[in-house]
file input.pdb (PDB, C-alpha atoms)
ATOM      1  CA  MET A   1     -10.680 -19.454 -16.022
ATOM      2  CA  GLY A   2      -7.321 -20.990 -15.296
ATOM      3  CA  ALA A   3      -7.252 -22.778 -18.593
ATOM      4  CA  ALA A   4      -8.041 -19.648 -20.574
ATOM      5  CA  LEU A   5      -4.502 -19.503 -21.853
ATOM      6  CA  ALA A   6      -3.626 -23.133 -21.406
ATOM      7  CA  SER A   7      -0.736 -24.475 -23.392
ATOM      8  CA  PRO A   8      -0.171 -23.823 -26.151
ATOM      9  CA  LEU A   9      -1.887 -20.548 -25.455
ATOM     10  CA  ALA A  10      -5.308 -21.903 -26.202
ATOM     11  CA  LEU A  11      -6.835 -18.477 -26.559
ATOM     12  CA  ALA A  12      -9.719 -19.883 -28.497
ATOM     13  CA  ALA A  13     -11.335 -20.499 -25.112
ATOM     14  CA  CYS A  14     -14.451 -18.390 -24.750
ATOM     15  CA  ASP A  15     -13.162 -16.995 -21.450
ATOM     16  CA  ILE A  16     -11.350 -14.221 -23.182
ATOM     17  CA  ASP A  17     -13.701 -13.383 -25.977
ATOM     18  CA  PRO A  18     -13.725  -9.625 -26.487
ATOM     19  CA  PRO A  19     -16.633  -7.637 -25.088
ATOM     20  CA  SER A  20     -19.774  -7.223 -27.104
ATOM     21  CA  ARG A  21     -20.096  -3.585 -26.014
ATOM     22  CA  ALA A  22     -17.343  -2.547 -28.380
ATOM     23  CA  GLY A  23     -18.754  -4.551 -31.213
ATOM     24  CA  GLY A  24     -16.579  -7.556 -30.487
ATOM     25  CA  THR A  25     -13.794  -8.904 -32.631
ATOM     26  CA  ALA A  26     -13.500 -11.717 -35.035
ATOM     27  CA  ALA A  27     -13.544 -15.205 -33.568
ATOM     28  CA  PRO A  28     -10.419 -15.606 -31.425
ATOM     29  CA  THR A  29      -7.742 -17.705 -32.966
ATOM     30  CA  PRO A  30      -4.954 -19.516 -31.170
ATOM     31  CA  PRO A  31      -1.966 -17.189 -30.918
ATOM     32  CA  PRO A  32       1.222 -18.007 -32.746
ATOM     33  CA  PRO A  33       3.953 -19.848 -30.828
ATOM     34  CA  GLU A  34       6.191 -16.779 -30.711
ATOM     35  CA  ASP A  35       3.972 -15.392 -27.954
ATOM     36  CA  SER A  36       5.051 -18.197 -25.601
ATOM     37  CA  GLU A  37       8.302 -16.431 -24.771
ATOM     38  CA  LEU A  38       6.475 -13.190 -24.146
ATOM     39  CA  VAL A  39       3.978 -14.891 -21.841
ATOM     40  CA  ALA A  40       6.826 -16.550 -19.955
ATOM     41  CA  ALA A  41       8.406 -13.134 -19.371
ATOM     42  CA  VAL A  42       5.160 -11.714 -17.991
ATOM     43  CA  VAL A  43       4.648 -14.778 -15.794
ATOM     44  CA  ALA A  44       8.177 -14.390 -14.429
ATOM     45  CA  ALA A  45       7.497 -10.723 -13.667
ATOM     46  CA  LEU A  46       4.247 -11.639 -11.943
ATOM     47  CA  VAL A  47       5.945 -14.290  -9.819
ATOM     48  CA  ARG A  48       8.629 -11.790  -8.802
ATOM     49  CA  ALA A  49       6.017  -9.165  -7.924
ATOM     50  CA  ARG A  50       4.036 -11.712  -5.931
ATOM     51  CA  SER A  51       7.114 -12.670  -3.914
ATOM     52  CA  VAL A  52       7.748  -9.007  -3.100
ATOM     53  CA  VAL A  53       4.184  -8.559  -1.840
ATOM     54  CA  GLU A  54       4.473 -11.725   0.259
ATOM     55  CA  ALA A  55       7.765 -10.564   1.746
ATOM     56  CA  ALA A  56       6.376  -7.116   2.535
ATOM     57  CA  THR A  57       3.324  -8.610   4.217
ATOM     58  CA  LEU A  58       5.458 -10.948   6.286
ATOM     59  CA  SER A  59       7.774  -8.141   7.282
ATOM     60  CA  VAL A  60       5.060  -5.584   8.030
ATOM     61  CA  PRO A  61       1.797  -7.392   8.846
ATOM     62  CA  ASP A  62       0.014  -4.039   9.128
ATOM     63  CA  LEU A  63       0.293  -3.780   5.361
ATOM     64  CA  THR A  64      -1.853  -6.876   4.826
ATOM     65  CA  PRO A  65      -5.188  -5.048   4.291
ATOM     66  CA  LEU A  66      -3.559  -2.671   1.845
ATOM     67  CA  LEU A  67      -1.691  -5.346  -0.100
ATOM     68  CA  GLU A  68      -4.325  -8.048  -0.099
ATOM     69  CA  PRO A  69      -6.112  -6.705  -3.227
ATOM     70  CA  VAL A  70      -2.753  -6.579  -5.011
ATOM     71  CA  ALA A  71      -2.039 -10.189  -4.073
ATOM     72  CA  THR A  72      -5.517 -11.203  -5.227
ATOM     73  CA  ALA A  73      -4.948  -9.562  -8.606
ATOM     74  CA  HIS A  74      -1.554 -11.235  -8.980
ATOM     75  CA  ALA A  75      -3.100 -14.614  -8.250
ATOM     76  CA  ALA A  76      -5.889 -14.103 -10.782
ATOM     77  CA  HIS A  77      -3.497 -12.864 -13.444
ATOM     78  CA  LEU A  78      -1.150 -15.773 -12.840
ATOM     79  CA  GLU A  79      -4.025 -18.212 -13.006
ATOM     80  CA  VAL A  80      -4.866 -17.055 -16.514
ATOM     81  CA  LEU A  81      -1.293 -16.912 -17.780
ATOM     82  CA  ALA A  82       0.547 -19.660 -15.920
ATOM     83  CA  GLY A  83      -1.056 -22.504 -17.806
ATOM     84  CA  ALA A  84       0.460 -21.145 -20.968
ATOM     85  CA  VAL A  85       4.042 -21.918 -20.014
ATOM     86  CA  ALA A  86       5.694 -25.134 -18.955
ATOM     87  CA  ASP A  87       6.310 -25.539 -15.248
ATOM     88  CA  THR A  88      10.034 -25.321 -15.803
ATOM     89  CA  ASP A  89       9.590 -21.847 -17.259
ATOM     90  CA  VAL A  90       7.919 -20.481 -14.160
ATOM     91  CA  PRO A  91      10.677 -19.087 -11.967
ATOM     92  CA  ALA A  92      10.860 -19.669  -8.252
ATOM     93  CA  PRO A  93      12.745 -16.630  -7.031
ATOM     94  CA  ALA A  94      14.282 -16.534  -3.593
ATOM     95  CA  PRO A  95      11.984 -14.479  -1.353
ATOM     96  CA  PRO A  96      13.373 -10.969  -1.050
ATOM     97  CA  THR A  97      14.271  -9.526   2.312
ATOM     98  CA  ILE A  98      12.393  -6.355   3.180
ATOM     99  CA  ALA A  99      13.183  -4.254   6.228
ATOM    100  CA  GLY A 100      10.439  -4.088   8.813
ATOM    101  CA  ASP A 101       9.605  -0.482   8.161
ATOM    102  CA  ARG A 102       6.155   0.322   6.744
ATOM    103  CA  ALA A 103       7.157   3.194   4.479
ATOM    104  CA  ARG A 104      10.192   1.398   3.128
ATOM    105  CA  ALA A 105       8.297  -1.844   2.537
ATOM    106  CA  LEU A 106       5.539   0.037   0.747
ATOM    107  CA  GLY A 107       8.128   1.760  -1.400
ATOM    108  CA  VAL A 108       9.643  -1.580  -2.376
ATOM    109  CA  VAL A 109       6.224  -2.914  -3.368
ATOM    110  CA  ARG A 110       5.404   0.198  -5.376
ATOM    111  CA  ARG A 111       8.649  -0.040  -7.327
ATOM    112  CA  SER A 112       8.042  -3.729  -7.878
ATOM    113  CA  GLU A 113       4.568  -2.993  -9.259
ATOM    114  CA  GLN A 114       6.021  -0.355 -11.572
ATOM    115  CA  ARG A 115       8.480  -2.924 -12.927
ATOM    116  CA  LEU A 116       5.629  -5.368 -13.387
ATOM    117  CA  LEU A 117       3.593  -2.742 -15.250
ATOM    118  CA  ARG A 118       6.482  -2.095 -17.643
ATOM    119  CA  GLU A 119       6.803  -5.808 -18.366
ATOM    120  CA  VAL A 120       3.062  -6.293 -18.936
ATOM    121  CA  ARG A 121       2.953  -3.256 -21.226
ATOM    122  CA  ARG A 122       5.903  -4.607 -23.185
ATOM    123  CA  GLY A 123       4.127  -7.920 -23.579
ATOM    124  CA  CYS A 124       0.881  -6.270 -24.635
ATOM    125  CA  VAL A 125       2.491  -4.139 -27.307
ATOM    126  CA  GLY A 126       4.570  -7.025 -28.617
ATOM    127  CA  ALA A 127       1.955  -9.778 -28.619
ATOM    128  CA  ALA A 128       1.198 -11.321 -31.982
ATOM    129  CA  SER A 129      -2.223 -12.412 -30.742
ATOM    130  CA  GLY A 130      -4.797  -9.659 -30.401
ATOM    131  CA  ASP A 131      -6.697 -11.645 -27.790
ATOM    132  CA  LEU A 132      -3.578 -12.068 -25.692
ATOM    133  CA  ALA A 133      -2.846  -8.347 -26.101
ATOM    134  CA  ARG A 134      -6.320  -7.572 -24.766
ATOM    135  CA  VAL A 135      -5.776  -9.781 -21.715
ATOM    136  CA  LEU A 136      -2.438  -8.091 -21.067
ATOM    137  CA  ALA A 137      -3.977  -4.636 -21.569
ATOM    138  CA  SER A 138      -6.541  -5.385 -18.892
ATOM    139  CA  MET A 139      -3.774  -6.731 -16.686
ATOM    140  CA  ALA A 140      -1.745  -3.546 -17.223
ATOM    141  CA  ALA A 141      -4.767  -1.404 -16.355
ATOM    142  CA  SER A 142      -5.287  -3.410 -13.169
ATOM    143  CA  THR A 143      -1.623  -3.153 -12.220
ATOM    144  CA  ALA A 144      -1.719   0.603 -12.799
ATOM    145  CA  GLN A 145      -4.824   0.925 -10.648
ATOM    146  CA  HIS A 146      -3.277  -1.017  -7.791
ATOM    147  CA  GLY A 147      -0.050   0.947  -8.127
ATOM    148  CA  ALA A 148      -1.996   4.196  -7.950
ATOM    149  CA  ALA A 149      -3.906   2.989  -4.911
ATOM    150  CA  LEU A 150      -0.599   2.228  -3.197
ATOM    151  CA  ALA A 151       0.784   5.620  -4.198
ATOM    152  CA  ASP A 152      -1.896   7.341  -2.195
ATOM    153  CA  PRO A 153      -4.034   4.909  -0.221
ATOM    154  CA  THR A 154      -6.412   7.707   0.777
ATOM    155  CA  THR A 155      -7.369   9.001  -2.664
ATOM    156  CA  GLY A 156      -6.069   6.225  -4.854
ATOM    157  CA  VAL A 157      -4.148   8.338  -7.308
ATOM    158  CA  GLU A 158      -1.397  10.897  -7.591
ATOM    159  CA  GLY A 159      -2.066  13.871  -9.836
ATOM    160  CA  PRO A 160      -3.742  14.280 -13.232
TER     161      PRO A 160
ATOM    162  CA  MET B   1     -13.704  -6.202 -37.455
ATOM    163  CA  THR B   2     -10.867  -4.224 -39.015
ATOM    164  CA  VAL B   3      -8.578  -1.751 -37.273
ATOM    165  CA  LEU B   4     -10.551   1.029 -38.950
ATOM    166  CA  ASP B   5     -13.822  -0.378 -37.614
ATOM    167  CA  ALA B   6     -12.346  -0.547 -34.111
ATOM    168  CA  LEU B   7     -11.050   3.019 -34.383
ATOM    169  CA  GLN B   8     -14.472   4.243 -35.517
ATOM    170  CA  THR B   9     -16.154   2.388 -32.647
ATOM    171  CA  THR B  10     -13.732   3.977 -30.205
ATOM    172  CA  LEU B  11     -14.266   7.416 -31.744
ATOM    173  CA  ALA B  12     -18.035   7.045 -31.488
ATOM    174  CA  ASP B  13     -17.616   6.117 -27.836
ATOM    175  CA  GLU B  14     -15.418   9.157 -27.290
ATOM    176  CA  HIS B  15     -18.040  11.461 -28.783
ATOM    177  CA  ALA B  16     -20.508  10.126 -26.242
ATOM    178  CA  ALA B  17     -17.986  10.341 -23.406
ATOM    179  CA  LEU B  18     -17.121  13.922 -24.224
ATOM    180  CA  TYR B  19     -20.785  14.901 -24.299
ATOM    181  CA  ALA B  20     -21.370  13.173 -20.974
ATOM    182  CA  TYR B  21     -18.353  14.793 -19.355
ATOM    183  CA  GLY B  22     -19.600  18.183 -20.557
ATOM    184  CA  VAL B  23     -22.965  17.636 -18.917
ATOM    185  CA  LEU B  24     -21.518  16.171 -15.726
ATOM    186  CA  GLY B  25     -18.998  18.993 -15.480
ATOM    187  CA  ALA B  26     -21.734  21.591 -15.970
ATOM    188  CA  ARG B  27     -23.640  20.047 -13.082
ATOM    189  CA  THR B  28     -20.563  20.166 -10.809
ATOM    190  CA  SER B  29     -20.159  23.251  -8.699
ATOM    191  CA  GLN B  30     -16.667  24.694  -8.761
ATOM    192  CA  ALA B  31     -17.453  26.587  -5.569
ATOM    193  CA  THR B  32     -18.797  23.758  -3.449
ATOM    194  CA  SER B  33     -16.972  20.777  -5.015
ATOM    195  CA  PRO B  34     -13.686  22.198  -6.290
ATOM    196  CA  GLU B  35     -11.848  18.868  -6.262
ATOM    197  CA  LEU B  36     -14.554  17.083  -8.237
ATOM    198  CA  PHE B  37     -14.785  20.048 -10.598
ATOM    199  CA  GLU B  38     -11.057  19.812 -11.236
ATOM    200  CA  THR B  39     -11.328  16.061 -11.813
ATOM    201  CA  MET B  40     -14.221  16.535 -14.256
ATOM    202  CA  THR B  41     -12.357  19.270 -16.105
ATOM    203  CA  ALA B  42      -9.204  17.188 -16.421
ATOM    204  CA  GLY B  43     -11.254  14.216 -17.586
ATOM    205  CA  TYR B  44     -13.029  16.339 -20.184
ATOM    206  CA  ARG B  45      -9.712  17.617 -21.523
ATOM    207  CA  ARG B  46      -8.256  14.131 -21.722
ATOM    208  CA  HIS B  47     -11.237  12.806 -23.644
ATOM    209  CA  ARG B  48     -11.242  15.795 -25.958
ATOM    210  CA  ALA B  49      -7.586  15.151 -26.819
ATOM    211  CA  ARG B  50      -8.400  11.468 -27.231
ATOM    212  CA  ARG B  51     -11.239  12.243 -29.634
ATOM    213  CA  ASP B  52      -8.992  14.525 -31.679
ATOM    214  CA  GLN B  53      -6.293  11.854 -31.827
ATOM    215  CA  LEU B  54      -8.828   9.234 -32.897
ATOM    216  CA  ARG B  55     -10.029  11.482 -35.733
ATOM    217  CA  LEU B  56      -6.460  11.650 -36.994
ATOM    218  CA  MET B  57      -6.009   7.898 -36.646
ATOM    219  CA  VAL B  58      -9.217   7.182 -38.543
ATOM    220  CA  GLY B  59      -8.055   9.494 -41.313
ATOM    221  CA  ASP B  60      -4.641   7.841 -41.381
ATOM    222  CA  ALA B  61      -6.384   4.488 -41.699
ATOM    223  CA  GLY B  62      -8.238   5.747 -44.756
ATOM    224  CA  GLY B  63     -11.593   6.375 -43.117
ATOM    225  CA  ASP B  64     -13.959   9.279 -42.720
ATOM    226  CA  PRO B  65     -14.222   9.977 -38.975
ATOM    227  CA  VAL B  66     -17.657   9.154 -37.631
ATOM    228  CA  ALA B  67     -19.560  12.252 -36.509
ATOM    229  CA  ALA B  68     -21.007  12.843 -33.088
ATOM    230  CA  ASP B  69     -24.712  12.500 -32.506
ATOM    231  CA  ALA B  70     -26.637  15.679 -31.784
ATOM    232  CA  ALA B  71     -27.275  14.504 -28.226
ATOM    233  CA  TYR B  72     -26.901  11.450 -26.020
ATOM    234  CA  ASP B  73     -29.160   9.994 -23.369
ATOM    235  CA  LEU B  74     -28.058  10.861 -19.867
ATOM    236  CA  ASP B  75     -29.687  10.330 -16.522
ATOM    237  CA  GLY B  76     -31.243  13.694 -15.750
ATOM    238  CA  ALA B  77     -31.530  12.866 -12.065
ATOM    239  CA  LEU B  78     -27.789  13.017 -11.451
ATOM    240  CA  LEU B  79     -27.233  16.159  -9.440
ATOM    241  CA  ARG B  80     -25.366  15.350  -6.254
ATOM    242  CA  PRO B  81     -21.564  15.181  -6.340
ATOM    243  CA  PRO B  82     -21.360  11.451  -5.441
ATOM    244  CA  GLN B  83     -23.819  10.645  -8.235
ATOM    245  CA  LEU B  84     -21.861  12.744 -10.700
ATOM    246  CA  ALA B  85     -18.563  11.121  -9.709
ATOM    247  CA  ARG B  86     -20.087   7.663  -9.992
ATOM    248  CA  ALA B  87     -21.446   8.433 -13.451
ATOM    249  CA  ALA B  88     -18.043   9.675 -14.591
ATOM    250  CA  ALA B  89     -16.387   6.571 -13.123
ATOM    251  CA  GLU B  90     -18.798   4.365 -15.061
ATOM    252  CA  LEU B  91     -18.020   6.373 -18.173
ATOM    253  CA  GLU B  92     -14.309   5.707 -17.664
ATOM    254  CA  ALA B  93     -14.966   2.013 -17.090
ATOM    255  CA  GLY B  94     -16.771   1.901 -20.413
ATOM    256  CA  SER B  95     -13.864   3.652 -22.082
ATOM    257  CA  VAL B  96     -11.445   1.043 -20.737
ATOM    258  CA  GLU B  97     -13.600  -1.696 -22.227
ATOM    259  CA  VAL B  98     -13.689  -0.065 -25.666
ATOM    260  CA  LEU B  99      -9.981   0.731 -25.608
ATOM    261  CA  VAL B 100      -8.842  -2.774 -24.694
ATOM    262  CA  ALA B 101     -11.000  -3.990 -27.587
ATOM    263  CA  LEU B 102      -9.062  -1.580 -29.795
ATOM    264  CA  VAL B 103      -5.848  -3.047 -28.371
ATOM    265  CA  ALA B 104      -6.985  -6.465 -29.579
ATOM    266  CA  GLN B 105      -7.699  -5.214 -33.091
ATOM    267  CA  SER B 106      -4.593  -3.104 -33.597
ATOM    268  CA  SER B 107      -0.832  -3.300 -33.468
ATOM    269  CA  GLY B 108       2.191  -1.034 -33.189
ATOM    270  CA  SER B 109       1.639   2.614 -32.359
ATOM    271  CA  VAL B 110      -2.160   2.398 -32.384
ATOM    272  CA  ARG B 111      -2.118  -0.474 -29.890
ATOM    273  CA  GLU B 112       0.402   1.306 -27.689
ATOM    274  CA  TRP B 113      -1.739   4.458 -27.712
ATOM    275  CA  ALA B 114      -4.896   2.490 -26.893
ATOM    276  CA  LEU B 115      -3.085   0.748 -24.050
ATOM    277  CA  THR B 116      -1.901   4.065 -22.605
ATOM    278  CA  GLU B 117      -5.392   5.542 -22.794
ATOM    279  CA  ALA B 118      -7.004   2.432 -21.303
ATOM    280  CA  THR B 119      -4.560   2.589 -18.417
ATOM    281  CA  TRP B 120      -5.264   6.287 -17.889
ATOM    282  CA  SER B 121      -9.025   5.747 -17.787
ATOM    283  CA  ALA B 122      -8.586   2.821 -15.395
ATOM    284  CA  VAL B 123      -6.549   4.942 -12.998
ATOM    285  CA  TRP B 124      -8.900   7.899 -13.370
ATOM    286  CA  GLN B 125     -11.724   5.705 -12.110
ATOM    287  CA  LEU B 126      -9.945   5.687  -8.748
ATOM    288  CA  ARG B 127      -9.866   9.476  -8.708
ATOM    289  CA  LEU B 128     -13.636   9.325  -9.163
ATOM    290  CA  GLY B 129     -14.117   7.026  -6.210
ATOM    291  CA  SER B 130     -13.854   3.535  -7.682
ATOM    292  CA  THR B 131     -11.594   0.841  -6.312
ATOM    293  CA  ALA B 132      -8.915  -1.088  -8.165
ATOM    294  CA  GLU B 133     -10.154  -4.092 -10.135
ATOM    295  CA  THR B 134      -8.566  -7.327 -11.254
ATOM    296  CA  TRP B 135      -9.748  -7.233 -14.874
ATOM    297  CA  PRO B 136     -10.708  -3.678 -15.880
ATOM    298  CA  GLY B 137     -12.204  -3.620 -19.356
ATOM    299  CA  ALA B 138     -12.475  -7.416 -19.492
ATOM    300  CA  PRO B 139     -15.195  -8.260 -16.972
ATOM    301  CA  GLU B 140     -15.779 -11.728 -18.408
ATOM    302  CA  LEU B 141     -12.404 -12.774 -16.970
ATOM    303  CA  ASP B 142     -13.727 -12.080 -13.486
ATOM    304  CA  GLN B 143     -16.188 -14.918 -13.790
ATOM    305  CA  PRO B 144     -15.327 -17.785 -11.428
TER     306      PRO B 144
END
call {"tool": "encode", "arguments": {"input": "input.pdb", "output": "structure tokens"}}
result
Amino acid sequence: MGAALASPLALAACDIDPPSRAGGTAAPTPPPPEDSELVAAVVAALVRARSVVEAATLSVPDLTPLLEPVATAHAAHLEVLAGAVADTDVPAPAPPTIAGDRARALGVVRRSEQRLLREVRRGCVGAASGDLARVLASMAASTAQHGAALADPTTGVEGP
Amino acid sequence: MTVLDALQTTLADEHAALYAYGVLGARTSQATSPELFETMTAGYRRHRARRDQLRLMVGDAGGDPVAADAAYDLDGALLRPPQLARAAAELEAGSVEVLVALVAQSSGSVREWALTEATWSAVWQLRLGSTAETWPGAPELDQP
């Protein structure tokens, strides 16, 4: 799976073929180079969000069960996208400092996930490649789900 | 597949979803399961608005909106609230899959709309008892 978007965005890989349930799409074609910048922006946002989750978990270990699914999703999303950008384009942000208070740490993670969602949505809407847009749409849906689960860990979502 | 084809596929799926929500909602007791009833009602309204929007989009794309079937197959054994919620969650999961396919086939405002609706259905699955996934609507990416 990691090579699904390998440089230069080799979306022709069968890993991301559209689903047959919806009738499928035409054979995937490699996306145009202009999507590289967009992918790099999403990767940077993912790396930032991952560092926030790591910092929150380190600061408040009790949050680990709640944040573990989020970290797992980040890792899977990065695995698909990271191969599409050169190593030098993947940022290595300084780990943020998060106060050792559960509610505050959770709030920081939630805001971080909301920022990530905005960036993934932006990438999805702007992608020249339909296959890449589909991957980012799924990623946005996942990020929204995890954000909703963090908003209310008991029911999973806020209001309708 | 053209954008129009993808819109028609999505509209056909919405017809089925709306029918299913109607049946599931009718089997949900407002008195004994008020929260689930509210969730079903809100889901029905969302899908009805989605169907209406898709009809407009198909027309804008130069097509004749596909009509609903007279009836759709549903599991007649679904009667208990957890079964009804699970069926609605599966319905929403199917909607996410169709909508992210529409995302792939469209651009601009249609893609943005499909993305918003896919995200809504993904989050609504949680309201119906599902857990967050890594690749909603794109299950093939979950393969190791």
call {"tool": "resolve_selection", "arguments": {"input": "input.pdb", "expression": "the ChimeraX specification (/A :<9) & /B", "output": "JSON, numbers by chain"}}
result
{"B": [1, 2, 6, 9, 10, 13, 39, 42, 43, 94, 96, 97, 98, 99, 100, 101, 102, 103, 104, 105, 106, 107, 108, 109, 111, 112, 114, 115, 116, 118, 119, 120, 121, 122, 123, 124, 125, 126, 127, 129, 130, 131, 132, 133, 134, 135, 136, 137, 138, 139, 140, 141, 142, 143, 144]}
call {"tool": "residues_around", "arguments": {"input": "input.pdb", "residues": "Gly76 of chain B", "least_positions_apart": "2", "cutoff": "12 Å", "atoms": "only C-alpha atoms", "output": "list in words"}}
result
Ala20, Val23, Leu24, Arg27, Tyr72, Asp73, Leu74, Leu78, Leu79, Arg80, Gln83, Leu84 and Ala87 of chain B
call {"tool": "atom_distance", "arguments": {"input": "input.pdb", "atom1": "atom CA of Val53 of chain A", "atom2": "atom CA of Glu37 of chain A"}}
result
24.6 Å
call {"tool": "residues_around", "arguments": {"input": "input.pdb", "residues": "Arg115 of chain A", "least_positions_apart": "5", "cutoff": "9 Å", "atoms": "only C-alpha atoms", "output": "PDB file with C-alpha atoms, in the coordinates of the input"}}
result
ATOM      1  CA  ALA A  45       7.497 -10.723 -13.667  1.00  0.00           C
ATOM      2  CA  ALA A  49       6.017  -9.165  -7.924  1.00  0.00           C
ATOM      3  CA  ARG A 110       5.404   0.198  -5.376  1.00  0.00           C
ATOM      4  CA  VAL A 120       3.062  -6.293 -18.936  1.00  0.00           C
TER       5      VAL A 120
END
call {"tool": "residues_near_point", "arguments": {"input": "input.pdb", "point": "(-11.9, 18.9, -7.0)", "cutoff": "12 Å", "atoms": "all atoms listed in the file", "output": "ChimeraX atom specification"}}
result
/A:155,159-160 /B:25,28-43,81,85,127-128
call {"tool": "atom_distance", "arguments": {"input": "input.pdb", "atom1": "atom CA of Ser36 of chain A", "atom2": "atom CA of Glu79 of chain A"}}
result
15.5 Å
call {"tool": "closest_residue", "arguments": {"input": "input.pdb", "among": "A:Ala55, A:Val60, A:Glu34, A:Val43", "to": "Ala94 of chain A", "atoms": "all atoms listed in the file"}}
result
A:Ala55
call {"tool": "atom_distance", "arguments": {"input": "input.pdb", "atom1": "atom CA of Asp62 of chain A", "atom2": "atom CA of Arg111 of chain A"}}
result
19.0 Å
call {"tool": "resolve_selection", "arguments": {"input": "input.pdb", "expression": "the PyMOL selection byres ((chain A and resi 95-101) around 9)", "output": "ChimeraX atom specification"}}
result
/A:48,51-52,54-56,58-60,92-94,102-106,108
call {"tool": "build_atoms", "arguments": {"input": "input.pdb", "residues": "segment 119-125 of chain A", "atoms": "all heavy atoms", "output": "PDB file, keeping the file's coordinate frame"}}
result
ATOM      1  N   GLU A 119       6.693  -4.509 -17.702  1.00  0.00           N
ATOM      2  CA  GLU A 119       6.803  -5.808 -18.366  1.00  0.00           C
ATOM      3  C   GLU A 119       5.476  -6.201 -19.035  1.00  0.00           C
ATOM      4  O   GLU A 119       5.469  -6.728 -20.163  1.00  0.00           O
ATOM      5  CB  GLU A 119       7.213  -6.876 -17.351  1.00  0.00           C
ATOM      6  CG  GLU A 119       7.565  -8.222 -17.968  1.00  0.00           C
ATOM      7  CD  GLU A 119       8.787  -8.143 -18.887  1.00  0.00           C
ATOM      8  OE1 GLU A 119       9.788  -7.510 -18.506  1.00  0.00           O
ATOM      9  OE2 GLU A 119       8.710  -8.694 -19.998  1.00  0.00           O
ATOM     10  N   VAL A 120       4.375  -5.947 -18.360  1.00  0.00           N
ATOM     11  CA  VAL A 120       3.062  -6.293 -18.936  1.00  0.00           C
ATOM     12  C   VAL A 120       2.790  -5.425 -20.157  1.00  0.00           C
ATOM     13  O   VAL A 120       2.290  -5.910 -21.182  1.00  0.00           O
ATOM     14  CB  VAL A 120       1.942  -6.140 -17.880  1.00  0.00           C
ATOM     15  CG1 VAL A 120       0.587  -6.415 -18.496  1.00  0.00           C
ATOM     16  CG2 VAL A 120       2.177  -7.085 -16.706  1.00  0.00           C
ATOM     17  N   ARG A 121       3.121  -4.145 -20.058  1.00  0.00           N
ATOM     18  CA  ARG A 121       2.953  -3.256 -21.226  1.00  0.00           C
ATOM     19  C   ARG A 121       3.783  -3.748 -22.403  1.00  0.00           C
ATOM     20  O   ARG A 121       3.308  -3.772 -23.548  1.00  0.00           O
ATOM     21  CB  ARG A 121       3.371  -1.820 -20.863  1.00  0.00           C
ATOM     22  CG  ARG A 121       2.327  -1.001 -20.124  1.00  0.00           C
ATOM     23  CD  ARG A 121       2.812   0.453 -19.991  1.00  0.00           C
ATOM     24  NE  ARG A 121       3.047   1.036 -21.307  1.00  0.00           N
ATOM     25  CZ  ARG A 121       2.121   1.731 -21.984  1.00  0.00           C
ATOM     26  NH1 ARG A 121       0.938   1.944 -21.456  1.00  0.00           N
ATOM     27  NH2 ARG A 121       2.395   2.223 -23.170  1.00  0.00           N
ATOM     28  N   ARG A 122       5.024  -4.114 -22.118  1.00  0.00           N
ATOM     29  CA  ARG A 122       5.903  -4.607 -23.185  1.00  0.00           C
ATOM     30  C   ARG A 122       5.282  -5.829 -23.847  1.00  0.00           C
ATOM     31  O   ARG A 122       5.279  -5.958 -25.071  1.00  0.00           O
ATOM     32  CB  ARG A 122       7.277  -4.948 -22.593  1.00  0.00           C
ATOM     33  CG  ARG A 122       8.338  -5.275 -23.640  1.00  0.00           C
ATOM     34  CD  ARG A 122       9.688  -5.556 -22.999  1.00  0.00           C
ATOM     35  NE  ARG A 122      10.177  -4.431 -22.226  1.00  0.00           N
ATOM     36  CZ  ARG A 122      10.468  -4.453 -20.930  1.00  0.00           C
ATOM     37  NH1 ARG A 122      10.350  -5.567 -20.250  1.00  0.00           N
ATOM     38  NH2 ARG A 122      10.896  -3.375 -20.316  1.00  0.00           N
ATOM     39  N   GLY A 123       4.755  -6.714 -23.035  1.00  0.00           N
ATOM     40  CA  GLY A 123       4.127  -7.920 -23.579  1.00  0.00           C
ATOM     41  C   GLY A 123       2.897  -7.589 -24.405  1.00  0.00           C
ATOM     42  O   GLY A 123       2.693  -8.165 -25.479  1.00  0.00           O
ATOM     43  N   CYS A 124       2.104  -6.655 -23.927  1.00  0.00           N
ATOM     44  CA  CYS A 124       0.881  -6.270 -24.635  1.00  0.00           C
ATOM     45  C   CYS A 124       1.215  -5.697 -26.008  1.00  0.00           C
ATOM     46  O   CYS A 124       0.616  -6.085 -27.021  1.00  0.00           O
ATOM     47  CB  CYS A 124       0.101  -5.252 -23.796  1.00  0.00           C
ATOM     48  SG  CYS A 124      -1.354  -4.587 -24.626  1.00  0.00           S
ATOM     49  N   VAL A 125       2.151  -4.793 -26.034  1.00  0.00           N
ATOM     50  CA  VAL A 125       2.491  -4.139 -27.307  1.00  0.00           C
ATOM     51  C   VAL A 125       3.109  -5.139 -28.277  1.00  0.00           C
ATOM     52  O   VAL A 125       2.887  -5.079 -29.484  1.00  0.00           O
ATOM     53  CB  VAL A 125       3.451  -2.948 -27.050  1.00  0.00           C
ATOM     54  CG1 VAL A 125       3.968  -2.376 -28.363  1.00  0.00           C
ATOM     55  CG2 VAL A 125       2.724  -1.864 -26.246  1.00  0.00           C
TER      56      VAL A 125
END
